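Structure file model_26.cif; described as mmCIF, C-alpha atoms and all ligand atoms.
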```
data_start
loop_
_atom_site.label_atom_id
_atom_site.label_comp_id
_atom_site.auth_asym_id
_atom_site.auth_seq_id
_atom_site.Cartn_x
_atom_site.Cartn_y
_atom_site.Cartn_z
CA MET A 1 -23.71 33.59 42.36
CA ASN A 2 -21.90 30.40 43.36
CA TYR A 3 -18.13 30.32 43.28
CA ASP A 4 -16.30 27.08 43.92
CA PHE A 5 -13.38 27.87 46.19
CA ASP A 6 -13.01 24.15 46.97
CA ALA A 7 -12.11 23.34 43.36
CA ILE A 8 -8.53 22.16 42.96
CA ILE A 9 -7.10 23.97 39.95
CA GLU A 10 -3.90 22.50 38.53
CA ARG A 11 -1.38 25.34 38.39
CA ARG A 12 1.75 23.31 37.75
CA GLY A 13 3.18 23.92 34.32
CA THR A 14 1.64 27.37 33.97
CA GLY A 15 4.83 29.20 34.87
CA CYS A 16 3.39 30.27 38.22
CA GLU A 17 5.90 31.02 40.93
CA LYS A 18 4.12 29.28 43.76
CA TRP A 19 3.97 25.81 42.16
CA ASP A 20 6.60 25.94 39.42
CA ASP A 21 9.50 27.43 41.37
CA LEU A 22 9.58 24.90 44.19
CA ALA A 23 12.83 23.16 43.28
CA ALA A 24 14.67 26.47 43.01
CA VAL A 25 13.42 27.72 46.36
CA PHE A 26 13.06 24.60 48.49
CA GLY A 27 15.54 22.33 46.74
CA THR A 28 12.79 19.85 45.84
CA ASP A 29 9.50 19.68 43.97
CA ASP A 30 8.17 17.33 46.62
CA VAL A 31 6.48 19.93 48.84
CA LEU A 32 2.95 21.32 48.94
CA PRO A 33 3.28 25.09 48.51
CA PHE A 34 1.85 27.55 51.04
CA TRP A 35 4.32 30.37 50.36
CA VAL A 36 3.96 33.09 47.62
CA ALA A 37 1.06 35.41 48.53
CA ASP A 38 -1.36 34.62 45.78
CA MET A 39 -4.45 32.42 45.92
CA ASP A 40 -5.11 29.05 44.30
CA PHE A 41 -8.58 30.27 43.25
CA ALA A 42 -9.94 31.24 39.84
CA ALA A 43 -10.42 34.98 39.36
CA ALA A 44 -13.95 36.40 39.36
CA PRO A 45 -15.95 35.75 36.18
CA GLY A 46 -16.14 39.46 35.29
CA ILE A 47 -12.34 39.68 35.32
CA LEU A 48 -11.93 36.60 33.14
CA ALA A 49 -14.44 38.03 30.66
CA ALA A 50 -12.71 41.43 30.52
CA VAL A 51 -9.25 39.93 29.95
CA ARG A 52 -10.59 37.49 27.36
CA ALA A 53 -12.31 40.35 25.55
CA LYS A 54 -9.02 42.27 25.40
CA ALA A 55 -7.12 39.17 24.32
CA ALA A 56 -9.64 38.54 21.54
CA HIS A 57 -8.52 41.62 19.66
CA PRO A 58 -5.37 40.66 17.74
CA VAL A 59 -3.38 43.86 18.29
CA TYR A 60 -1.79 44.23 21.75
CA GLY A 61 -0.37 47.74 21.38
CA TYR A 62 0.11 50.62 23.82
CA HIS A 63 -2.94 51.37 25.85
CA VAL A 64 -4.63 54.51 27.12
CA LYS A 65 -5.25 54.69 30.86
CA GLU A 66 -8.95 55.30 30.53
CA GLU A 67 -10.83 57.50 32.96
CA SER A 68 -13.21 54.61 33.60
CA PHE A 69 -10.31 52.75 35.29
CA PHE A 70 -9.61 55.60 37.70
CA ALA A 71 -13.34 56.16 38.32
CA ALA A 72 -13.74 52.47 39.19
CA ALA A 73 -10.80 52.63 41.63
CA MET A 74 -12.15 55.78 43.31
CA ASP A 75 -15.59 54.27 43.54
CA TRP A 76 -14.13 51.14 45.15
CA GLU A 77 -12.32 53.10 47.86
CA ARG A 78 -15.46 55.14 48.54
CA ARG A 79 -17.76 52.11 48.73
CA ARG A 80 -15.53 49.70 50.58
CA HIS A 81 -13.52 52.03 52.80
CA GLY A 82 -15.41 55.31 52.95
CA TRP A 83 -12.48 57.17 51.42
CA GLU A 84 -13.17 60.01 48.97
CA VAL A 85 -10.03 59.89 46.83
CA GLY A 86 -9.49 62.96 44.63
CA ARG A 87 -8.98 62.13 40.97
CA SER A 88 -5.84 64.23 40.76
CA TRP A 89 -4.28 62.30 43.68
CA LEU A 90 -4.29 59.00 41.78
CA VAL A 91 -1.31 57.60 39.93
CA ASN A 92 -1.36 54.25 38.15
CA THR A 93 1.83 52.28 38.80
CA PRO A 94 2.94 48.79 37.77
CA GLY A 95 3.11 47.07 41.14
CA VAL A 96 3.22 48.05 44.78
CA VAL A 97 6.84 47.04 45.30
CA SER A 98 8.07 49.14 42.40
CA SER A 99 5.84 51.99 43.62
CA LEU A 100 7.42 51.70 47.04
CA GLY A 101 10.94 51.83 45.61
CA ALA A 102 9.91 54.88 43.59
CA ALA A 103 8.50 56.62 46.69
CA VAL A 104 11.74 55.99 48.57
CA LEU A 105 13.74 57.50 45.71
CA ALA A 106 11.39 60.43 45.11
CA LEU A 107 10.69 61.49 48.67
CA THR A 108 13.93 60.86 50.55
CA ASP A 109 17.60 61.56 49.95
CA PRO A 110 20.52 59.10 49.84
CA GLY A 111 21.55 58.15 53.36
CA ASP A 112 18.21 59.11 54.94
CA LYS A 113 16.71 56.80 57.53
CA ILE A 114 13.41 55.01 56.94
CA VAL A 115 11.40 53.19 59.59
CA ILE A 116 9.86 49.79 59.01
CA GLN A 117 8.05 47.54 61.47
CA PRO A 118 9.42 43.99 61.33
CA PRO A 119 8.68 41.19 61.07
CA VAL A 120 7.47 42.57 57.77
CA TYR A 121 7.15 41.88 54.04
CA PRO A 122 10.76 41.36 52.83
CA PRO A 123 10.83 44.05 50.08
CA PHE A 124 10.33 46.70 52.78
CA PHE A 125 13.98 46.07 53.66
CA SER A 126 15.32 45.90 50.12
CA CYS A 127 13.41 48.94 48.82
CA VAL A 128 15.24 50.95 51.47
CA THR A 129 18.70 49.44 51.48
CA ARG A 130 19.03 48.81 47.75
CA ASN A 131 18.17 52.43 47.13
CA GLY A 132 20.95 53.69 49.35
CA ARG A 133 18.84 54.56 52.39
CA GLN A 134 19.10 53.15 55.91
CA VAL A 135 16.58 50.94 57.66
CA VAL A 136 15.49 51.84 61.17
CA GLU A 137 13.73 48.88 62.74
CA ASN A 138 10.73 49.49 64.97
CA PRO A 139 9.83 45.87 65.73
CA LEU A 140 6.30 44.82 66.55
CA ARG A 141 5.86 43.27 69.97
CA GLN A 142 3.48 40.63 71.22
CA ARG A 143 1.18 41.20 74.16
CA GLY A 144 -1.06 38.41 75.33
CA GLY A 145 -0.53 36.71 71.97
CA ARG A 146 -1.55 39.83 70.01
CA TRP A 147 0.88 41.75 67.83
CA GLU A 148 1.14 45.48 68.48
CA MET A 149 3.20 48.45 67.40
CA ASP A 150 5.76 49.60 69.93
CA LEU A 151 5.37 53.37 69.81
CA ASP A 152 7.74 54.05 72.72
CA ASP A 153 10.46 52.28 70.80
CA LEU A 154 9.50 54.28 67.70
CA GLU A 155 9.76 57.62 69.54
CA SER A 156 13.15 56.67 70.90
CA LYS A 157 14.47 56.03 67.38
CA LEU A 158 13.23 59.16 65.62
CA GLY A 159 15.49 62.09 64.88
CA PRO A 160 16.06 64.68 62.16
CA ASP A 161 17.63 62.14 59.80
CA VAL A 162 14.56 59.84 59.90
CA LYS A 163 12.38 60.92 56.99
CA MET A 164 9.90 58.19 56.22
CA LEU A 165 7.93 55.35 57.76
CA VAL A 166 6.65 52.46 55.68
CA LEU A 167 3.43 51.16 57.20
CA CYS A 168 2.02 47.75 56.33
CA SER A 169 -1.74 48.01 56.85
CA PRO A 170 -3.12 45.38 57.26
CA HIS A 171 0.15 43.84 58.31
CA ASN A 172 1.93 41.05 56.45
CA PRO A 173 2.87 38.61 58.04
CA VAL A 174 1.22 39.06 61.47
CA GLY A 175 -2.28 39.64 60.06
CA ARG A 176 -3.17 42.63 62.22
CA VAL A 177 -5.80 45.08 60.96
CA TRP A 178 -4.68 48.22 62.75
CA THR A 179 -7.43 50.04 64.64
CA ARG A 180 -8.21 53.72 64.16
CA ASP A 181 -6.77 54.45 67.62
CA GLU A 182 -3.53 52.63 66.87
CA LEU A 183 -3.17 54.48 63.58
CA LEU A 184 -4.01 57.83 65.17
CA ALA A 185 -1.34 57.30 67.82
CA LEU A 186 1.18 56.45 65.10
CA GLY A 187 0.05 59.42 63.02
CA GLU A 188 0.47 61.84 65.89
CA ILE A 189 4.11 60.80 66.21
CA CYS A 190 4.69 61.08 62.45
CA LEU A 191 3.23 64.59 62.44
CA ARG A 192 5.36 65.69 65.39
CA HIS A 193 8.54 64.36 63.79
CA ASP A 194 7.74 65.46 60.23
CA ILE A 195 7.78 61.93 58.84
CA THR A 196 6.39 61.04 55.40
CA VAL A 197 4.25 57.91 55.67
CA VAL A 198 4.12 55.35 52.93
CA ALA A 199 1.03 53.24 53.64
CA ASP A 200 1.09 49.91 51.83
CA GLU A 201 -2.59 48.98 51.95
CA ILE A 202 -2.48 46.18 49.41
CA HIS A 203 -4.26 43.85 51.86
CA CYS A 204 -6.98 46.39 52.73
CA ASP A 205 -9.88 44.42 51.29
CA LEU A 206 -8.95 41.15 52.99
CA VAL A 207 -10.36 41.86 56.42
CA PHE A 208 -12.35 39.47 58.61
CA SER A 209 -15.50 39.93 60.67
CA GLY A 210 -15.27 42.33 63.59
CA HIS A 211 -12.42 44.31 62.01
CA ARG A 212 -12.36 47.31 59.73
CA HIS A 213 -9.56 48.67 57.61
CA VAL A 214 -8.98 52.38 58.18
CA PRO A 215 -7.06 54.03 55.33
CA PHE A 216 -4.25 55.95 57.01
CA ALA A 217 -4.86 59.01 54.83
CA THR A 218 -8.44 59.31 56.15
CA LEU A 219 -7.22 60.18 59.64
CA GLY A 220 -7.19 63.89 58.86
CA PRO A 221 -5.99 66.43 56.30
CA GLU A 222 -2.58 66.93 57.90
CA LEU A 223 -1.83 63.22 57.83
CA ALA A 224 -3.30 62.82 54.34
CA ALA A 225 -0.89 65.47 53.09
CA ARG A 226 2.15 63.53 54.31
CA THR A 227 0.94 60.12 53.20
CA VAL A 228 1.45 58.14 50.02
CA THR A 229 -0.93 55.16 49.92
CA PHE A 230 -0.72 52.11 47.71
CA PHE A 231 -3.65 49.91 46.89
CA SER A 232 -4.27 47.40 44.17
CA PRO A 233 -6.80 44.78 43.10
CA SER A 234 -3.94 42.26 42.89
CA LYS A 235 -4.25 40.58 46.31
CA THR A 236 -7.98 41.18 46.69
CA PHE A 237 -8.89 39.59 43.38
CA ASN A 238 -5.93 37.27 42.83
CA ILE A 239 -4.62 39.06 39.75
CA ALA A 240 -1.10 39.79 41.03
CA GLY A 241 0.44 38.59 37.77
CA THR A 242 -1.16 41.48 35.91
CA TYR A 243 0.95 44.09 37.73
CA THR A 244 -1.38 47.04 38.00
CA SER A 245 -1.68 49.12 41.14
CA LEU A 246 -2.47 52.63 42.31
CA ALA A 247 -0.68 55.22 44.38
CA VAL A 248 -2.66 57.95 46.13
CA VAL A 249 -0.67 61.14 46.70
CA PRO A 250 -2.92 63.97 47.95
CA ASP A 251 -0.12 66.53 48.50
CA PRO A 252 0.73 68.36 45.23
CA GLY A 253 4.41 68.81 46.16
CA ARG A 254 4.98 65.15 46.92
CA ARG A 255 2.91 64.20 43.88
CA ALA A 256 5.07 66.31 41.59
CA LYS A 257 8.26 64.69 42.94
CA TYR A 258 6.75 61.23 42.68
CA GLY A 259 5.47 61.84 39.16
CA ALA A 260 8.85 63.17 38.04
CA LEU A 261 10.62 60.10 39.36
CA LEU A 262 8.18 57.75 37.63
CA ALA A 263 8.63 59.69 34.38
CA GLY A 264 12.39 59.47 34.75
CA LEU A 265 12.19 55.71 35.12
CA GLY A 266 9.71 55.37 32.25
CA MET A 267 7.16 53.89 34.64
CA THR A 268 4.18 55.76 33.25
CA SER A 269 2.71 53.34 30.72
CA GLY A 270 -0.19 51.10 31.64
CA ASN A 271 -0.50 47.37 31.07
CA LEU A 272 -3.24 46.51 28.58
CA PHE A 273 -4.45 43.40 30.40
CA GLY A 274 -3.75 44.73 33.88
CA LEU A 275 -5.90 47.81 33.39
CA ALA A 276 -8.75 45.74 31.97
CA ALA A 277 -8.54 43.21 34.80
CA ALA A 278 -8.37 45.91 37.48
CA GLU A 279 -11.30 47.90 36.14
CA ALA A 280 -13.43 44.76 35.84
CA ALA A 281 -12.42 43.73 39.36
CA PHE A 282 -13.48 47.03 40.90
CA LYS A 283 -16.70 47.13 38.88
CA THR A 284 -17.87 43.53 38.93
CA GLY A 285 -15.89 41.68 41.62
CA GLU A 286 -17.69 42.66 44.79
CA ASP A 287 -19.99 39.66 45.00
CA TRP A 288 -17.04 37.30 44.42
CA LEU A 289 -15.04 39.04 47.16
CA ASP A 290 -17.95 38.97 49.61
CA THR A 291 -18.20 35.22 49.02
CA LEU A 292 -14.46 34.72 49.27
CA LEU A 293 -14.00 36.51 52.60
CA PRO A 294 -16.09 34.11 54.72
CA TYR A 295 -14.33 31.19 53.01
CA LEU A 296 -10.95 32.63 53.92
CA GLU A 297 -12.08 33.39 57.44
CA ASP A 298 -13.33 29.82 57.88
CA ASN A 299 -9.90 28.68 56.73
CA ALA A 300 -8.31 31.02 59.29
CA ASP A 301 -10.55 29.66 62.07
CA LEU A 302 -9.86 26.07 61.10
CA LEU A 303 -6.15 26.71 60.89
CA ALA A 304 -5.99 28.35 64.32
CA ALA A 305 -8.08 25.55 65.86
CA PHE A 306 -5.98 22.86 64.16
CA VAL A 307 -2.72 24.36 65.35
CA GLY A 308 -4.08 24.64 68.91
CA ARG A 309 -5.34 21.07 68.91
CA GLU A 310 -2.85 19.11 66.82
CA MET A 311 0.43 20.96 67.08
CA PRO A 312 1.54 21.10 70.71
CA GLY A 313 4.16 23.79 71.26
CA ILE A 314 3.27 25.72 68.08
CA LYS A 315 1.44 29.02 68.37
CA VAL A 316 -0.54 31.22 66.03
CA ALA A 317 -2.80 34.21 66.52
CA LYS A 318 -5.84 34.05 64.25
CA PRO A 319 -5.21 36.74 61.63
CA GLU A 320 -7.66 39.67 61.56
CA GLY A 321 -7.05 40.11 57.85
CA THR A 322 -4.83 38.96 54.94
CA TYR A 323 -4.68 35.24 54.10
CA LEU A 324 -1.41 34.69 55.90
CA ALA A 325 -0.76 32.98 59.21
CA TRP A 326 2.41 33.65 61.17
CA LEU A 327 3.28 30.36 62.82
CA ASP A 328 5.48 30.45 65.90
CA PHE A 329 7.55 27.27 66.09
CA ARG A 330 9.91 28.53 68.79
CA GLY A 331 8.38 26.22 71.40
CA ARG A 332 9.62 23.21 69.42
CA PHE A 333 12.64 24.45 67.46
CA ALA A 334 15.54 26.28 69.07
CA ASP A 335 17.43 26.19 65.79
CA HIS A 336 15.97 28.01 62.76
CA ALA A 337 17.80 25.94 60.15
CA ALA A 338 16.42 22.79 61.79
CA LEU A 339 12.91 24.26 61.49
CA ASN A 340 13.35 24.87 57.77
CA GLU A 341 14.79 21.40 57.27
CA PHE A 342 11.89 19.91 59.18
CA LEU A 343 9.23 21.75 57.14
CA VAL A 344 10.70 20.80 53.78
CA GLY A 345 12.29 17.42 54.53
CA ALA A 346 9.94 15.88 57.07
CA ALA A 347 6.59 17.68 56.66
CA LYS A 348 7.03 18.28 52.91
CA VAL A 349 5.46 21.72 52.90
CA GLY A 350 6.78 24.94 51.39
CA LEU A 351 6.21 27.87 53.74
CA ASN A 352 7.88 31.30 53.72
CA ASP A 353 11.02 31.33 55.83
CA GLY A 354 10.38 33.48 58.90
CA LEU A 355 13.86 34.97 58.73
CA SER A 356 13.11 36.63 55.38
CA PHE A 357 10.81 38.99 57.34
CA GLY A 358 13.69 40.19 59.51
CA HIS A 359 15.66 38.61 62.34
CA GLN A 360 12.48 38.85 64.43
CA GLY A 361 11.19 35.97 62.29
CA LYS A 362 13.65 33.48 63.77
CA GLY A 363 11.65 30.38 64.71
CA PHE A 364 8.64 31.44 62.62
CA ALA A 365 7.24 30.50 59.22
CA ARG A 366 4.43 32.07 57.19
CA PHE A 367 1.57 29.89 55.97
CA ASN A 368 -0.63 31.11 53.09
CA PHE A 369 -4.10 29.66 53.59
CA ALA A 370 -5.72 31.11 50.42
CA CYS A 371 -6.27 27.70 48.90
CA PRO A 372 -8.98 25.06 48.76
CA ARG A 373 -9.73 23.91 52.30
CA ALA A 374 -8.74 20.32 51.59
CA LEU A 375 -5.30 21.48 50.49
CA MET A 376 -4.82 23.62 53.58
CA LEU A 377 -5.84 20.74 55.84
CA GLU A 378 -3.47 18.41 53.99
CA GLY A 379 -0.61 20.84 54.60
CA LEU A 380 -1.47 21.26 58.28
CA SER A 381 -1.85 17.49 58.73
CA ARG A 382 1.57 16.95 57.20
CA ILE A 383 3.11 19.35 59.71
CA ALA A 384 1.22 17.81 62.66
CA ALA A 385 2.18 14.25 61.66
CA ALA A 386 5.82 15.18 61.21
CA LEU A 387 5.83 16.91 64.61
CA LYS A 388 4.50 13.72 66.20
CA MET A 389 7.18 11.64 64.49
CA ARG A 390 9.82 14.03 65.73
CA GLY A 391 8.53 13.57 69.28
C1 LIG B 1 2.53 44.17 51.94
C2 LIG B 1 2.72 43.82 50.50
N1 LIG B 1 3.04 44.76 49.61
C3 LIG B 1 3.23 44.48 48.31
C4 LIG B 1 3.10 43.20 47.83
C5 LIG B 1 3.33 42.90 46.37
O1 LIG B 1 2.89 43.92 45.56
P1 LIG B 1 3.14 43.89 43.99
O2 LIG B 1 3.00 42.49 43.54
O3 LIG B 1 2.06 44.78 43.47
O4 LIG B 1 4.49 44.46 43.76
C6 LIG B 1 2.78 42.17 48.72
C7 LIG B 1 2.69 40.78 48.25
O5 LIG B 1 2.67 39.85 49.00
C8 LIG B 1 2.58 42.49 50.08
O6 LIG B 1 2.25 41.55 50.97
#
```

Could I get this file's structure written as structure tokens?
Amino acid sequence: MNYDFDAIIERRGTGCEKWDDLAAVFGTDDVLPFWVADMDFAAAPGILAAVRAKAAHPVYGYHVKEESFFAAAMDWERRRHGWEVGRSWLVNTPGVVSSLGAAVLALTDPGDKIVIQPPVYPPFFSCVTRNGRQVVENPLRQRGGRWEMDLDDLESKLGPDVKMLVLCSPHNPVGRVWTRDELLALGEICLRHDITVVADEIHCDLVFSGHRHVPFATLGPELAARTVTFFSPSKTFNIAGTYTSLAVVPDPGRRAKYGALLAGLGMTSGNLFGLAAAEAAFKTGEDWLDTLLPYLEDNADLLAAFVGREMPGIKVAKPEGTYLAWLDFRGRFADHAALNEFLVGAAKVGLNDGLSFGHQGKGFARFNFACPRALMLEGLSRIAAALKMRG
């Protein structure tokens, strides 16, 4: 089937965060948005049909979480990632961020230390600190332009009070798709130090040619038992507004604690439209996704080439997955506030502030390239032209 990812769809005035919240976030409406991690593309036809069918019935009451939803999710993991997920391991949760907060509360105690690997998705910080736990930073490092985990640094920071590690796989914002060997090396350390791993795999389906997502819990039964994995059709199929995700908790003890916490928070009901959209995505969205991925990868290639050619002093590593590019402006901007002022005031683009991903993001900004190519090129051209003007 043909899908038109070049179509410009007007999103202003729909209450969408990316286009309708610009003044609040950037102080002006006069920027092209490349921030919030959703896509400016229409959802797959099968999803639209399923949601419309639900909406057509006039009663929007409480909904059963049907077995067909879980079967579709399990089938998806098996087909796309070779992971045989047990039915009893699966828990439907509203969104990945709330699931992460719940895992922190259920599986650690107040004051415990939790490792994250910045620069990283901002809620990884807040889900720890706002729940009364302490962040231990194990920053990524760059080698030959490629982002890597620093496992020596990790080892040096582990101790009996470190209970959990939150893994971002694939990694937002650096776009790495961790290899099996990298994950095995990390897993070996987590086993030795008795660390529970929370694997946020929300970007698992957005992986480019030559790379393969390895679900952390497939690395072996011992690691599976200490891992809670999150996945969701929300990023993959651009249905983030429907807030429906899944947690996979193979270990019965951890599952009981997690389930009890969710019950205590009243987080056990499903969303009528979210469940319908998710099931349709897993069942009918594959062709759409397989058409989307080369489009996104072409955008990634074009972006990397454009930055190399037209933006002297700015660096980017082509992402291996996700639709996010982590732009390194340090060669041109010593001052982070000046970078933000430049992007908004001179280039008139709305990117994610690098500093929101941790202090390691000083001098960086995140560019979301999941948009029609013409829009992406317009945004990049604005930055390049403003850089030239700045001299
Ligand atoms: C790593 C990661 N986790 C979670 C989310 C958001 O998940 P949700 O909208 O389901 O809370 C995002 C969105 O950008 C993300 O990048």

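When atom CA of A:Leu262 is paired with atom CA of A:Pro250, their separation reads 16.4 Å.
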
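Closest approach to A:Phe5 among A:His336, A:Arg373, A:Arg390, A:Arg79: A:Arg373, based on all atoms listed in the file.
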
- Task: Counting only C-alpha atoms, figure out which residue out of A:Thr229, A:Ser68, A:Ser88, A:Thr28 gets nearest to A:Ala276.
- Result: A:Ser68

- Identify which of the residues A:Gly145, A:Val198, A:Ala23, A:Phe369 lies closest to A:Lys315, counting only C-alpha atoms when measuring atom-to-atom distances. A:Gly145

- Query: Could you name the residues that touch A:Cys16 at 10 Å or less, counting all atoms listed in the file, but leaving out those on the same chain fewer than 3 positions away, as a ChimeraX atom specification?
  - Reply: /A:11-13,19-21,36,38,241

- Item | Who sits within 10 Å of stretch 71-78 of chain A, all atoms listed in the file, same chain under 3 positions skipped, as a list in words | Glu66, Glu67, Ser68, His81, Gly82, Trp83, Glu84, Val85, Gly86, Arg87, Leu90, Cys204, Asp205, Pro215, Phe231, Ser232, Pro233, Ser245, Leu246, Ala278, Glu279, Ala280, Ala281, Phe282, Lys283, Thr284 and Glu286 of chain A

So that I have them on file, write out the residues from the current selection with C-alpha atoms, as an mmCIF file, keeping the file's coordinate frame.
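Below is the file that was written, result04.cif:
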```cif
data_model
loop_
_atom_site.group_PDB
_atom_site.id
_atom_site.type_symbol
_atom_site.label_atom_id
_atom_site.label_comp_id
_atom_site.auth_asym_id
_atom_site.auth_seq_id
_atom_site.Cartn_x
_atom_site.Cartn_y
_atom_site.Cartn_z
ATOM 1 C CA GLU A 66 -8.950 55.300 30.530
ATOM 2 C CA GLU A 67 -10.830 57.500 32.960
ATOM 3 C CA SER A 68 -13.210 54.610 33.600
ATOM 4 C CA HIS A 81 -13.520 52.030 52.800
ATOM 5 C CA GLY A 82 -15.410 55.310 52.950
ATOM 6 C CA TRP A 83 -12.480 57.170 51.420
ATOM 7 C CA GLU A 84 -13.170 60.010 48.970
ATOM 8 C CA VAL A 85 -10.030 59.890 46.830
ATOM 9 C CA GLY A 86 -9.490 62.960 44.630
ATOM 10 C CA ARG A 87 -8.980 62.130 40.970
ATOM 11 C CA LEU A 90 -4.290 59.000 41.780
ATOM 12 C CA CYS A 204 -6.980 46.390 52.730
ATOM 13 C CA ASP A 205 -9.880 44.420 51.290
ATOM 14 C CA PRO A 215 -7.060 54.030 55.330
ATOM 15 C CA PHE A 231 -3.650 49.910 46.890
ATOM 16 C CA SER A 232 -4.270 47.400 44.170
ATOM 17 C CA PRO A 233 -6.800 44.780 43.100
ATOM 18 C CA SER A 245 -1.680 49.120 41.140
ATOM 19 C CA LEU A 246 -2.470 52.630 42.310
ATOM 20 C CA ALA A 278 -8.370 45.910 37.480
ATOM 21 C CA GLU A 279 -11.300 47.900 36.140
ATOM 22 C CA ALA A 280 -13.430 44.760 35.840
ATOM 23 C CA ALA A 281 -12.420 43.730 39.360
ATOM 24 C CA PHE A 282 -13.480 47.030 40.900
ATOM 25 C CA LYS A 283 -16.700 47.130 38.880
ATOM 26 C CA THR A 284 -17.870 43.530 38.930
ATOM 27 C CA GLU A 286 -17.690 42.660 44.790
#
```

Could you list, with a cut-off of 6 Å and counting only C-alpha atoms and all ligand atoms, the residues of chain A near ligand LIG 1 (chain B), each shown with its nearest atom pair and the distance in Å rounded to one decimal, rows sorted by chain and ascending number, as CSV?
```
residue,atom,partner,partner_atom,distance
A:Ala37,CA,B:LIG1,O5,4.7
A:Gly95,CA,B:LIG1,O3,3.4
A:Val96,CA,B:LIG1,O3,3.7
A:Val97,CA,B:LIG1,O4,3.8
A:Tyr121,CA,B:LIG1,C1,5.6
A:Cys168,CA,B:LIG1,C1,5.7
A:Asn172,CA,B:LIG1,O6,5.5
A:Asp200,CA,B:LIG1,C1,5.9
A:Ile202,CA,B:LIG1,N1,5.7
A:Ala240,CA,B:LIG1,O2,5.5
A:Tyr243,CA,B:LIG1,O3,5.9
```

- Message: Could you list, as a PyMOL selection string, every residue within 9 Å of A:Arg332, counting only C-alpha atoms and ignoring same-chain residues fewer than 2 positions away?
- Response: chain A and resi 312-314+329-330+334+339+363+387

Centre and edge lengths of an axis-aligned box around all listed atoms of stretch 246-253 of chain A, with 6 Å added on each side, are to be given in Å to one decimal, as JSON.
```
{"center_x": 0.7, "center_y": 60.7, "center_z": 45.4, "size_x": 19.3, "size_y": 28.2, "size_z": 18.2}
```

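Using only C-alpha atoms, the nearest neighbour of A:Leu223 within the list A:Lys235, A:Arg382, A:Arg143, A:Arg192 is A:Arg192.
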
- Would you list the residues near (-10.1, 46.1, 58.7) (no more than 8 Å away, in the coordinates of the file, using all atoms listed in the file) as a ChimeraX atom specification? /A:170,177-179,204-208,211-214,320-321

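Nearest residue to A:Asp194 among A:Asn340, A:Asn92, A:Ser209, A:Thr227 is A:Thr227, counting all atoms listed in the file.
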
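Minimum distance to A:Ala53 across A:Val31, A:Leu219, A:Leu272, A:Leu158 (counting all atoms listed in the file) occurs at A:Leu272.
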
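As for atom CA of A:Asp112 and atom CA of A:Tyr258, they are spaced 16.9 Å apart.
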
- Could you jot down the atom CA of A:Asp301 to atom CA of A:Pro319 separation for me, Å, one decimal place? 8.9 Å

- Leaving out A:Leu296 and any residue of its chain fewer than 2 positions from it, which residues lie within 8 Å of it when counting only C-alpha atoms, given as number ranges by chain? A: 292-294, 298-300, 323, 369-370

- Query: Could you pull the residues within 10 Å of A:Asp109, counting only C-alpha atoms, minus those fewer than 5 positions along the same chain, as a VMD selection string?
  - Reply: chain A and resid 104 131 to 133 161 163

Just to be explicit: take each residue in the selection above, keep C-alpha atoms, and write the result as an mmCIF file, in the coordinates of the input.
```cif
data_model
loop_
_atom_site.group_PDB
_atom_site.id
_atom_site.type_symbol
_atom_site.label_atom_id
_atom_site.label_comp_id
_atom_site.auth_asym_id
_atom_site.auth_seq_id
_atom_site.Cartn_x
_atom_site.Cartn_y
_atom_site.Cartn_z
ATOM 1 C CA VAL A 104 11.740 55.990 48.570
ATOM 2 C CA ASN A 131 18.170 52.430 47.130
ATOM 3 C CA GLY A 132 20.950 53.690 49.350
ATOM 4 C CA ARG A 133 18.840 54.560 52.390
ATOM 5 C CA ASP A 161 17.630 62.140 59.800
ATOM 6 C CA LYS A 163 12.380 60.920 56.990
#
```

Could I get stretch 308-313 of chain A rebuilt with N, CA, C and O atoms, written as a JSON list (two decimals), in the coordinates of the input?
```json
[["chain", "number", "residue", "atom", "x", "y", "z"],
["A", 308, "GLY", "N", -3.89, 24.76, 67.46],
["A", 308, "GLY", "CA", -4.08, 24.64, 68.91],
["A", 308, "GLY", "C", -4.26, 23.20, 69.35],
["A", 308, "GLY", "O", -3.78, 22.78, 70.40],
["A", 309, "ARG", "N", -4.97, 22.43, 68.53],
["A", 309, "ARG", "CA", -5.34, 21.07, 68.91],
["A", 309, "ARG", "C", -4.27, 20.04, 68.56],
["A", 309, "ARG", "O", -3.96, 19.16, 69.35],
["A", 310, "GLU", "N", -3.69, 20.19, 67.37],
["A", 310, "GLU", "CA", -2.85, 19.11, 66.82],
["A", 310, "GLU", "C", -1.35, 19.41, 66.81],
["A", 310, "GLU", "O", -0.57, 18.58, 66.40],
["A", 311, "MET", "N", -0.99, 20.63, 67.18],
["A", 311, "MET", "CA", 0.43, 20.96, 67.08],
["A", 311, "MET", "C", 0.93, 21.50, 68.42],
["A", 311, "MET", "O", 1.14, 22.71, 68.57],
["A", 312, "PRO", "N", 1.10, 20.62, 69.40],
["A", 312, "PRO", "CA", 1.54, 21.10, 70.71],
["A", 312, "PRO", "C", 2.87, 21.87, 70.60],
["A", 312, "PRO", "O", 3.77, 21.45, 69.88],
["A", 313, "GLY", "N", 2.91, 23.00, 71.27],
["A", 313, "GLY", "CA", 4.16, 23.79, 71.26],
["A", 313, "GLY", "C", 4.22, 24.82, 70.15],
["A", 313, "GLY", "O", 5.09, 25.68, 70.15]]
```
